[in-house]
Amino acid sequence: MRFFAIISMLAWRNLWRNHRRTIVMLSAITIGVWAMIFMTALMRGMVNDMVRDGIRALPGHVQVHHPQYRDDPSVLNLIPTADSELTKVFSQAGLDGWASRVKVPGIISSERESRGVTLIGVDPALEKSLDALGSNIAAGRNLEGVDDGGVVIGRRLADKLDTELGKRIVLMSQDPDNEIADRGYRIVGLYEANLERYEESFVFAGKSTLQKMLGIEDQVSEVAVMAGDYRDLEGLTERVALLAGGDVEVLPWQQLNRYLGSMLKVMDGFVLVWMIVIFLALSFGLVNTLVMAVFERVREIGLMLALGMRPASILGQILVESSLLLIIGLVLGNALAWASVVPLQDGIDISAVAKGMEMFGASSILYPELELKDIVTANIVVLVLGFLASLSPAWRASRYEPIEAITKV
Amino acid sequence: MTAVRCIDLCKTYRQGDQDIKALDHVNLDIESGGFVCLSAPSGGGKTTLLNAIGGLDSPDSGEVWIAGRRIDNLSKGELAQLRLTQIGFVFQAYNLIPVLSARENVEFVMQVQGVPAAERQDKSRAILKEVGLQGLEDRRPADMSGGQQQRVAVARAIVSRPELVLADEPTANLDSKTSDELMALFVELNEHHNTTFVIATHDQRVMSYARRLIRMLDGRIIDDIDQQAA
Ligand SMILES: Nc1ncnc2c1ncn2[C@@H]1O[C@H](COP(=O)(O)OP(=O)(O)OP(=O)(O)O)[C@@H](O)[C@H]1O
Ligand SMILES: [Mg+2]
């Protein structure tokens, strides 16, 4: 396009004609873009952290259960296939990580207190691959095998039960005949979790030990499988369903925990709304700047039209000017956002204000996360909407009557 | 051939509750290669007539023909093309683009026409020299005197050798010596390239160069003198 050279030269010169106005506008765009990206990185960090913690508590990205297990997680709803059979199939499938578990409601009693908890019978060797809750041992040791006679409980639970490492407790639950099943255990380890309520509700024991206590030889409540990326699970879910065979329910975590699952989706929408809101604030300044710039230049725009320049070139000139403003602002804003996120990679301690956040499942150290798709979204929002906002002043400029502009004295 | 033909042109402006006849049944033929001065007291309708001829303003009634083509009913785009390629303008009130240097202002029309950069530069340097602005090529309008700015405007109007030059008070800010030089340049272009000139002016000195002098009053042509014969 042969007009492009002259159009962009005029746009560039006009941009710097009113230094102060341009710099004020550039700062506004820069700060707006920074706010979009930086605040989004903080929110992403917070939400991703919640989701990851939530998954750790499950744990496992895709899980296999008896179809009724989620309504009634008792010993009556165990996976029909024998655990030894499941082990054979899953250990040969080349998965990133998997484990089978007994997981039933129960009661833990110390000498002084009793509390309702979830009893989890695990194979410590398999759980290692899952980065599971309970692996962060604060005192004592982890479970050592499927027939370990000890339990690992949360530190907070130990406090609530008024007991401590090395003391004995009793676990109680139901067997398949609705009889009470119980057994004494020694507390061999205390674990810590990001969230207090997790520490209070999950009690880990050896899988075989728990099976024996419940009278369910070689049966488990769930099989949990880890994925490489916790957000992309469709393929894995199908594969696990094939491995697990019939008459079971195979679900990804988003469906196991709808709150967490919808959180990520809501977050995407929220980020977009947030960016558009910031942009709207910006756009008033942008449109105002352009309207003023165009108004000040009535005469020279008229002159260019009188000399035979096409209205389309005038339109183009104003749009290029606005795009230059937007692009420079975007470059600065992106750089500023990057420069302010990178030094915070080790996390921001928000424990002072985090107490109230725990109920949402947030932890007290915030790791901002710059995601490419958010950066791309912010840039597209500013560029596309900014361009659209410039159309009206640019259009107005291209409609000037040359005669009016030329003859006004 | 006829370069400019106006047939029964009328243009009325409303000022308050008064109708002002800026053009009142103007009939005019200008031969190709003509060198015409329009003279009228202020408000006589010179600018209005030049704007109508240049396709910048549409008359209320009547016809305008340029180089054998009727132009008062052309579209905006066609008029823009006509102004760009066939007519050189020197406007009365406002002429230069403030963010462009003298040389860039002179090159502006050529650039929009799509003339290659090297050719543009040669032509603009040469013409600026001819109007006596050598060494001021890179000045912006704001850093030049009124007379210098006017000469840049003249240079732009003639640099691409249009068939027709419409100049509204081209010597208004010039001293007599520069006026003479400018007029000599116009005469030379007129004689060597057969460029048609229509110049609106108050300036007796300018009128003396014209082969034909048209006097207007209140939008009417009151006198049309062939000065060659005289
Ligand atoms: N846009 C306009 N609105 C109203 N009246 C106008 C307009 N343009 C011109 N006129 C009137 O039309 C008449 C002719 O104006 P024009 O500008 O053609 O005169 P002129 O001969 O060029 O005068 P000058 O020597 O002062 O430039 C004047 O009375 C002027 O006031
Ligand atoms: Mg005038």
# chains A, B, ... in the order shown; residues from 1 in each chain; ligands from 1
>>> closest_atom_pairs(of="chain B", to="chain A", cutoff="12 Å", atoms="only C-alpha atoms", output="CSV")
residue,atom,partner,partner_atom,distance
B:Thr47,CA,A:Thr407,CA,8.5
B:Thr48,CA,A:Thr407,CA,9.6
B:Leu50,CA,A:Ile403,CA,11.2
B:Asn51,CA,A:Ile403,CA,7.8
B:Ala52,CA,A:Ile403,CA,10.1
B:Gly54,CA,A:Ala306,CA,9.1
B:Gly55,CA,A:Ala306,CA,9.0
B:Leu56,CA,A:Ile403,CA,5.9
B:Asp57,CA,A:Ile403,CA,6.5
B:Ser58,CA,A:Ile403,CA,9.9
B:Lys76,CA,A:Arg310,CA,9.0
B:Gly77,CA,A:Arg310,CA,7.0
B:Glu78,CA,A:Gly308,CA,9.5
B:Leu79,CA,A:Gly308,CA,7.8
B:Ala80,CA,A:Gly308,CA,4.3
B:Gln81,CA,A:Gly308,CA,5.9
B:Leu82,CA,A:Gly308,CA,7.5
B:Arg83,CA,A:Gly308,CA,5.3
B:Leu84,CA,A:Gly308,CA,4.3
B:Thr85,CA,A:Gly308,CA,8.1
B:Gln86,CA,A:Gly308,CA,10.1
B:Ile87,CA,A:Leu307,CA,8.7
B:Gly88,CA,A:Leu307,CA,8.1
B:Phe89,CA,A:Leu307,CA,7.3
B:Val90,CA,A:Leu307,CA,9.8
B:Phe91,CA,A:Ile406,CA,7.4
B:Gln92,CA,A:Thr407,CA,7.5
B:Ala93,CA,A:Thr407,CA,6.0
B:Tyr94,CA,A:Ile406,CA,5.9
B:Asn95,CA,A:Leu303,CA,6.8
B:Leu96,CA,A:Glu300,CA,7.4
B:Ile97,CA,A:Glu300,CA,5.7
B:Pro98,CA,A:Glu300,CA,7.8
B:Val99,CA,A:Arg13,CA,6.2
B:Leu100,CA,A:Leu10,CA,7.9
B:Ser101,CA,A:Arg13,CA,11.1
B:Glu104,CA,A:Ile6,CA,9.9
B:Asn105,CA,A:Met304,CA,10.4
B:Val106,CA,A:Leu307,CA,11.5
B:Glu107,CA,A:Ile6,CA,10.4
B:Phe108,CA,A:Ile6,CA,8.2
B:Val109,CA,A:Leu307,CA,6.9
B:Met110,CA,A:Leu307,CA,10.4
B:Gln111,CA,A:Ile6,CA,7.3
B:Val112,CA,A:Phe3,CA,6.4
B:Gln113,CA,A:Arg2,CA,8.9
B:Gly114,CA,A:Arg2,CA,6.5
B:Val115,CA,A:Arg2,CA,9.6
B:Pro116,CA,A:Arg2,CA,10.0
B:Ala117,CA,A:Ala5,CA,10.8
B:Arg140,CA,A:Arg13,CA,11.9
B:Ala153,CA,A:Leu307,CA,11.3
B:Arg156,CA,A:Leu307,CA,10.0
B:Ala157,CA,A:Leu307,CA,9.3
B:Leu166,CA,A:Leu307,CA,11.8
B:Asp168,CA,A:Thr407,CA,10.9
>>> residues_around(residues="region 181-193 of chain B", least_positions_apart="3", cutoff="7 Å", atoms="only C-alpha atoms", output="PDB file with all heavy atoms, in the first residue's frame")
ATOM      1  N   GLY B  33      -3.686  27.223 -21.094  1.00  0.00           N
ATOM      2  CA  GLY B  33      -2.514  28.073 -21.239  1.00  0.00           C
ATOM      3  C   GLY B  33      -2.789  29.522 -20.907  1.00  0.00           C
ATOM      4  O   GLY B  33      -1.917  30.380 -21.074  1.00  0.00           O
ATOM      5  N   VAL B 131      12.191  28.890  -5.755  1.00  0.00           N
ATOM      6  CA  VAL B 131      11.420  29.891  -5.002  1.00  0.00           C
ATOM      7  C   VAL B 131      12.270  30.550  -3.919  1.00  0.00           C
ATOM      8  O   VAL B 131      11.762  31.259  -3.061  1.00  0.00           O
ATOM      9  CB  VAL B 131      10.131  29.299  -4.373  1.00  0.00           C
ATOM     10  CG1 VAL B 131       9.200  28.800  -5.458  1.00  0.00           C
ATOM     11  CG2 VAL B 131      10.470  28.197  -3.377  1.00  0.00           C
ATOM     12  N   LYS B 177      10.070  42.331  -4.290  1.00  0.00           N
ATOM     13  CA  LYS B 177      11.101  41.615  -5.036  1.00  0.00           C
ATOM     14  C   LYS B 177      10.735  40.131  -5.154  1.00  0.00           C
ATOM     15  O   LYS B 177      10.736  39.559  -6.250  1.00  0.00           O
ATOM     16  CB  LYS B 177      12.446  41.781  -4.319  1.00  0.00           C
ATOM     17  CG  LYS B 177      13.594  41.082  -5.004  1.00  0.00           C
ATOM     18  CD  LYS B 177      14.940  41.544  -4.436  1.00  0.00           C
ATOM     19  CE  LYS B 177      16.065  40.628  -4.845  1.00  0.00           C
ATOM     20  NZ  LYS B 177      16.064  39.362  -4.100  1.00  0.00           N
ATOM     21  N   THR B 178      10.357  39.533  -4.018  1.00  0.00           N
ATOM     22  CA  THR B 178      10.001  38.114  -4.052  1.00  0.00           C
ATOM     23  C   THR B 178       8.739  37.896  -4.877  1.00  0.00           C
ATOM     24  O   THR B 178       8.629  36.906  -5.602  1.00  0.00           O
ATOM     25  CB  THR B 178       9.767  37.579  -2.619  1.00  0.00           C
ATOM     26  OG1 THR B 178      10.500  38.380  -1.708  1.00  0.00           O
ATOM     27  CG2 THR B 178      10.218  36.159  -2.498  1.00  0.00           C
ATOM     28  N   THR B 196      -2.064  26.458 -17.113  1.00  0.00           N
ATOM     29  CA  THR B 196      -3.066  27.505 -16.970  1.00  0.00           C
ATOM     30  C   THR B 196      -3.034  28.056 -15.545  1.00  0.00           C
ATOM     31  O   THR B 196      -3.020  27.277 -14.587  1.00  0.00           O
ATOM     32  CB  THR B 196      -4.465  26.932 -17.259  1.00  0.00           C
ATOM     33  OG1 THR B 196      -4.428  26.225 -18.488  1.00  0.00           O
ATOM     34  CG2 THR B 196      -5.505  28.037 -17.297  1.00  0.00           C
TER      35      THR B 196
END
>>> closest_atom_pairs(of="chain B", to="ligand 1", cutoff="8 Å", atoms="only C-alpha atoms and all ligand atoms", output="Markdown table")
| residue | atom | partner | partner_atom_place_in_ligand_line | distance |
| --- | --- | --- | --- | --- |
| B:Thr12 | CA | ligand 1 | 12 (O) | 7.5 |
| B:Tyr13 | CA | ligand 1 | 5 (N) | 4.8 |
| B:Arg14 | CA | ligand 1 | 4 (C) | 5.8 |
| B:Gln15 | CA | ligand 1 | 4 (C) | 5.6 |
| B:Ile20 | CA | ligand 1 | 29 (O) | 6.0 |
| B:Lys21 | CA | ligand 1 | 12 (O) | 6.6 |
| B:Ala22 | CA | ligand 1 | 12 (O) | 4.2 |
| B:Leu23 | CA | ligand 1 | 14 (C) | 7.4 |
| B:Ser39 | CA | ligand 1 | 21 (O) | 7.9 |
| B:Ala40 | CA | ligand 1 | 21 (O) | 5.8 |
| B:Pro41 | CA | ligand 1 | 25 (O) | 5.9 |
| B:Ser42 | CA | ligand 1 | 25 (O) | 3.5 |
| B:Gly43 | CA | ligand 1 | 19 (O) | 3.4 |
| B:Gly44 | CA | ligand 1 | 21 (O) | 3.8 |
| B:Gly45 | CA | ligand 1 | 18 (O) | 3.1 |
| B:Lys46 | CA | ligand 1 | 21 (O) | 3.8 |
| B:Thr47 | CA | ligand 1 | 22 (O) | 3.7 |
| B:Thr48 | CA | ligand 1 | 18 (O) | 3.7 |
| B:Leu49 | CA | ligand 1 | 18 (O) | 6.4 |
| B:Gln92 | CA | ligand 1 | 27 (O) | 7.1 |
| B:Asp168 | CA | ligand 1 | 22 (O) | 7.8 |
| B:Glu169 | CA | ligand 1 | 27 (O) | 7.9 |
| B:Ala200 | CA | ligand 1 | 22 (O) | 7.8 |
| B:Thr201 | CA | ligand 1 | 25 (O) | 7.5 |
| B:His202 | CA | ligand 1 | 25 (O) | 7.3 |
| B:Asp218 | CA | ligand 1 | 14 (C) | 7.2 |
| B:Gly219 | CA | ligand 1 | 14 (C) | 6.8 |
>>> residues_around(residues="region 241-255 of chain A", least_positions_apart="4", cutoff="9 Å", atoms="only C-alpha atoms", output="PyMOL selection string")
chain A and resi 55+58-69+79-81+86+89-90+93+223+230-231+233-234+236-237+259-262
>>> residues_around(residues="region 147-152 of chain B", least_positions_apart="5", cutoff="7 Å", atoms="only C-alpha atoms", output="list in words")
Ala102, Val106, Val131, Pro141, Pro170, Asn173 and Leu174 of chain B
>>> write_last_selection(atoms="N, CA, C and O atoms", output="JSON list (two decimals), in the first residue's frame")
[["chain", "number", "residue", "atom", "x", "y", "z"],
["B", 102, "ALA", "N", 9.60, 21.77, 5.14],
["B", 102, "ALA", "CA", 9.31, 22.44, 3.87],
["B", 102, "ALA", "C", 9.38, 21.43, 2.72],
["B", 102, "ALA", "O", 8.48, 21.34, 1.89],
["B", 106, "VAL", "N", 6.35, 20.04, 0.30],
["B", 106, "VAL", "CA", 6.38, 20.12, -1.16],
["B", 106, "VAL", "C", 6.17, 18.73, -1.77],
["B", 106, "VAL", "O", 5.51, 18.57, -2.79],
["B", 131, "VAL", "N", 12.19, 28.89, -5.75],
["B", 131, "VAL", "CA", 11.42, 29.89, -5.00],
["B", 131, "VAL", "C", 12.27, 30.55, -3.92],
["B", 131, "VAL", "O", 11.76, 31.26, -3.06],
["B", 141, "PRO", "N", 7.10, 24.51, 9.17],
["B", 141, "PRO", "CA", 6.37, 25.76, 8.93],
["B", 141, "PRO", "C", 6.47, 26.74, 10.10],
["B", 141, "PRO", "O", 6.65, 27.94, 9.89],
["B", 170, "PRO", "N", -1.44, 34.52, -3.72],
["B", 170, "PRO", "CA", -0.14, 33.85, -3.49],
["B", 170, "PRO", "C", 0.96, 34.82, -3.05],
["B", 170, "PRO", "O", 1.97, 34.38, -2.53],
["B", 173, "ASN", "N", 1.89, 37.79, 1.45],
["B", 173, "ASN", "CA", 2.87, 38.07, 2.50],
["B", 173, "ASN", "C", 4.26, 38.35, 1.96],
["B", 173, "ASN", "O", 5.24, 38.27, 2.70],
["B", 174, "LEU", "N", 4.34, 38.62, 0.67],
["B", 174, "LEU", "CA", 5.68, 38.74, 0.08],
["B", 174, "LEU", "C", 6.06, 40.20, -0.20],
["B", 174, "LEU", "O", 5.20, 41.02, -0.52]]
>>> select_by_dssp(residues="region 32-223 of chain B", states="helix (DSSP H, G or I)", output="ChimeraX atom specification")
/B:46-53,76-86,102-113,117-130,141-143,146-159,176-193,204-209
>>> write_last_selection(atoms="C-alpha atoms", output="PDB file, in the first residue's frame")
ATOM      1  CA  LYS B  46     -12.751  35.291  -5.507  1.00  0.00           C
ATOM      2  CA  THR B  47     -12.173  32.432  -3.094  1.00  0.00           C
ATOM      3  CA  THR B  48     -15.651  31.080  -3.648  1.00  0.00           C
ATOM      4  CA  LEU B  49     -15.066  30.981  -7.381  1.00  0.00           C
ATOM      5  CA  LEU B  50     -11.652  29.323  -7.093  1.00  0.00           C
ATOM      6  CA  ASN B  51     -13.110  26.704  -4.739  1.00  0.00           C
ATOM      7  CA  ALA B  52     -15.888  25.950  -7.188  1.00  0.00           C
ATOM      8  CA  ILE B  53     -13.404  25.607 -10.056  1.00  0.00           C
ATOM      9  CA  LYS B  76     -16.062  13.039  -3.693  1.00  0.00           C
ATOM     10  CA  GLY B  77     -13.551  10.404  -4.647  1.00  0.00           C
ATOM     11  CA  GLU B  78     -13.453  11.501  -8.276  1.00  0.00           C
ATOM     12  CA  LEU B  79     -13.025  15.119  -7.186  1.00  0.00           C
ATOM     13  CA  ALA B  80     -10.159  14.138  -4.876  1.00  0.00           C
ATOM     14  CA  GLN B  81      -8.479  12.358  -7.772  1.00  0.00           C
ATOM     15  CA  LEU B  82      -8.985  15.412  -9.996  1.00  0.00           C
ATOM     16  CA  ARG B  83      -7.456  17.757  -7.410  1.00  0.00           C
ATOM     17  CA  LEU B  84      -4.589  15.401  -6.794  1.00  0.00           C
ATOM     18  CA  THR B  85      -3.575  14.899 -10.399  1.00  0.00           C
ATOM     19  CA  GLN B  86      -4.704  17.921 -12.401  1.00  0.00           C
ATOM     20  CA  ALA B 102       9.311  22.440   3.868  1.00  0.00           C
ATOM     21  CA  ARG B 103      10.639  19.705   1.623  1.00  0.00           C
ATOM     22  CA  GLU B 104       8.129  17.143   2.909  1.00  0.00           C
ATOM     23  CA  ASN B 105       5.281  19.590   2.411  1.00  0.00           C
ATOM     24  CA  VAL B 106       6.382  20.125  -1.163  1.00  0.00           C
ATOM     25  CA  GLU B 107       6.645  16.357  -1.659  1.00  0.00           C
ATOM     26  CA  PHE B 108       3.299  15.621  -0.020  1.00  0.00           C
ATOM     27  CA  VAL B 109       1.198  15.724  -3.177  1.00  0.00           C
ATOM     28  CA  MET B 110       3.764  13.733  -5.126  1.00  0.00           C
ATOM     29  CA  GLN B 111       3.925  11.188  -2.352  1.00  0.00           C
ATOM     30  CA  VAL B 112       0.163  10.728  -2.379  1.00  0.00           C
ATOM     31  CA  GLN B 113       0.392  10.454  -6.176  1.00  0.00           C
ATOM     32  CA  ALA B 117      11.240   8.891  -3.455  1.00  0.00           C
ATOM     33  CA  ALA B 118      14.329   9.740  -5.491  1.00  0.00           C
ATOM     34  CA  GLU B 119      12.347  11.620  -8.113  1.00  0.00           C
ATOM     35  CA  ARG B 120      10.413  13.458  -5.400  1.00  0.00           C
ATOM     36  CA  GLN B 121      13.604  14.593  -3.741  1.00  0.00           C
ATOM     37  CA  ASP B 122      15.157  15.887  -6.924  1.00  0.00           C
ATOM     38  CA  LYS B 123      12.039  17.798  -7.855  1.00  0.00           C
ATOM     39  CA  SER B 124      11.438  19.257  -4.406  1.00  0.00           C
ATOM     40  CA  ARG B 125      15.036  20.443  -4.030  1.00  0.00           C
ATOM     41  CA  ALA B 126      14.977  22.055  -7.429  1.00  0.00           C
ATOM     42  CA  ILE B 127      11.671  23.823  -6.893  1.00  0.00           C
ATOM     43  CA  LEU B 128      12.598  25.056  -3.417  1.00  0.00           C
ATOM     44  CA  LYS B 129      15.733  26.522  -4.912  1.00  0.00           C
ATOM     45  CA  GLU B 130      13.675  28.243  -7.575  1.00  0.00           C
ATOM     46  CA  PRO B 141       6.369  25.760   8.929  1.00  0.00           C
ATOM     47  CA  ALA B 142       6.401  27.110  12.478  1.00  0.00           C
ATOM     48  CA  ASP B 143      10.066  28.063  12.007  1.00  0.00           C
ATOM     49  CA  GLY B 146       4.792  34.040   6.483  1.00  0.00           C
ATOM     50  CA  GLY B 147       6.471  34.808   3.172  1.00  0.00           C
ATOM     51  CA  GLN B 148       8.633  31.723   3.321  1.00  0.00           C
ATOM     52  CA  GLN B 149       5.614  29.570   4.125  1.00  0.00           C
ATOM     53  CA  GLN B 150       3.783  31.068   1.179  1.00  0.00           C
ATOM     54  CA  ARG B 151       6.658  30.194  -1.119  1.00  0.00           C
ATOM     55  CA  VAL B 152       6.615  26.602   0.131  1.00  0.00           C
ATOM     56  CA  ALA B 153       2.899  26.496  -0.698  1.00  0.00           C
ATOM     57  CA  VAL B 154       3.591  27.841  -4.192  1.00  0.00           C
ATOM     58  CA  ALA B 155       6.382  25.318  -4.664  1.00  0.00           C
ATOM     59  CA  ARG B 156       4.004  22.506  -3.714  1.00  0.00           C
ATOM     60  CA  ALA B 157       1.333  23.786  -6.087  1.00  0.00           C
ATOM     61  CA  ILE B 158       3.600  23.759  -9.119  1.00  0.00           C
ATOM     62  CA  VAL B 159       6.085  21.010  -8.371  1.00  0.00           C
ATOM     63  CA  SER B 176       7.834  43.250  -4.016  1.00  0.00           C
ATOM     64  CA  LYS B 177      11.101  41.615  -5.036  1.00  0.00           C
ATOM     65  CA  THR B 178      10.001  38.114  -4.052  1.00  0.00           C
ATOM     66  CA  SER B 179       6.612  38.730  -5.596  1.00  0.00           C
ATOM     67  CA  ASP B 180       8.289  39.572  -8.874  1.00  0.00           C
ATOM     68  CA  GLU B 181      10.446  36.438  -8.720  1.00  0.00           C
ATOM     69  CA  LEU B 182       7.414  34.299  -8.020  1.00  0.00           C
ATOM     70  CA  MET B 183       5.455  35.826 -10.836  1.00  0.00           C
ATOM     71  CA  ALA B 184       8.390  35.330 -13.180  1.00  0.00           C
ATOM     72  CA  LEU B 185       8.353  31.655 -12.218  1.00  0.00           C
ATOM     73  CA  PHE B 186       4.632  31.456 -12.927  1.00  0.00           C
ATOM     74  CA  VAL B 187       5.097  33.147 -16.289  1.00  0.00           C
ATOM     75  CA  GLU B 188       7.891  30.770 -17.192  1.00  0.00           C
ATOM     76  CA  LEU B 189       5.806  27.711 -16.297  1.00  0.00           C
ATOM     77  CA  ASN B 190       2.924  29.193 -18.205  1.00  0.00           C
ATOM     78  CA  GLU B 191       4.992  29.775 -21.295  1.00  0.00           C
ATOM     79  CA  HIS B 192       7.085  26.613 -21.319  1.00  0.00           C
ATOM     80  CA  HIS B 193       4.619  24.062 -20.019  1.00  0.00           C
ATOM     81  CA  GLN B 204      -1.556  45.592  -8.732  1.00  0.00           C
ATOM     82  CA  ARG B 205       1.880  44.209  -9.422  1.00  0.00           C
ATOM     83  CA  VAL B 206       0.493  40.709  -9.866  1.00  0.00           C
ATOM     84  CA  MET B 207      -2.290  41.956 -12.094  1.00  0.00           C
ATOM     85  CA  SER B 208       0.268  43.560 -14.355  1.00  0.00           C
ATOM     86  CA  TYR B 209       1.645  40.088 -15.217  1.00  0.00           C
TER      87      TYR B 209
END
>>> residues_around(residues="Ser100 (chain A)", least_positions_apart="4", cutoff="10 Å", atoms="only C-alpha atoms", output="JSON, numbers by chain")
{"A": [63, 64, 83, 84, 86, 87, 90, 121, 122, 123, 126, 127, 207, 219, 220, 221, 222, 223, 224, 225]}
>>> select_by_dssp(residues="region 9-152 of chain A", states="strand (DSSP E or B)", output="PyMOL selection string")
chain A and resi 62-65+97-109+114-122+137-140+150-152
>>> atom_distance(atom1="CA of Val188 (chain A)", atom2="CA of Ile108 (chain A)")
14.7 Å
>>> residues_around(residues="region 323-338 of chain A", least_positions_apart="4", cutoff="6 Å", atoms="only C-alpha atoms", output="list in words")
Leu26, Ile29, Thr30, Val33, Trp34, Phe38 and Leu319 of chain A
>>> write_last_selection(atoms="C-alpha atoms", output="PDB file, in the first residue's frame")
ATOM      1  CA  LEU A  26       1.051   5.948  27.385  1.00  0.00           C
ATOM      2  CA  ILE A  29      -2.096   2.209  28.961  1.00  0.00           C
ATOM      3  CA  THR A  30       1.098   0.845  30.490  1.00  0.00           C
ATOM      4  CA  VAL A  33      -1.854  -3.483  30.927  1.00  0.00           C
ATOM      5  CA  TRP A  34       0.354  -4.064  33.918  1.00  0.00           C
ATOM      6  CA  PHE A  38      -0.049  -8.701  37.171  1.00  0.00           C
ATOM      7  CA  LEU A 319      -5.942   4.469  13.364  1.00  0.00           C
TER       8      LEU A 319
END
>>> residues_around(residues="Arg115 (chain A)", least_positions_apart="4", cutoff="10 Å", atoms="only C-alpha atoms", output="list in words")
Gly106, Ile107, Ile108, Ser109, Ser110, Leu157, Lys160, Leu161, Leu171, Glu200 and Ser201 of chain A
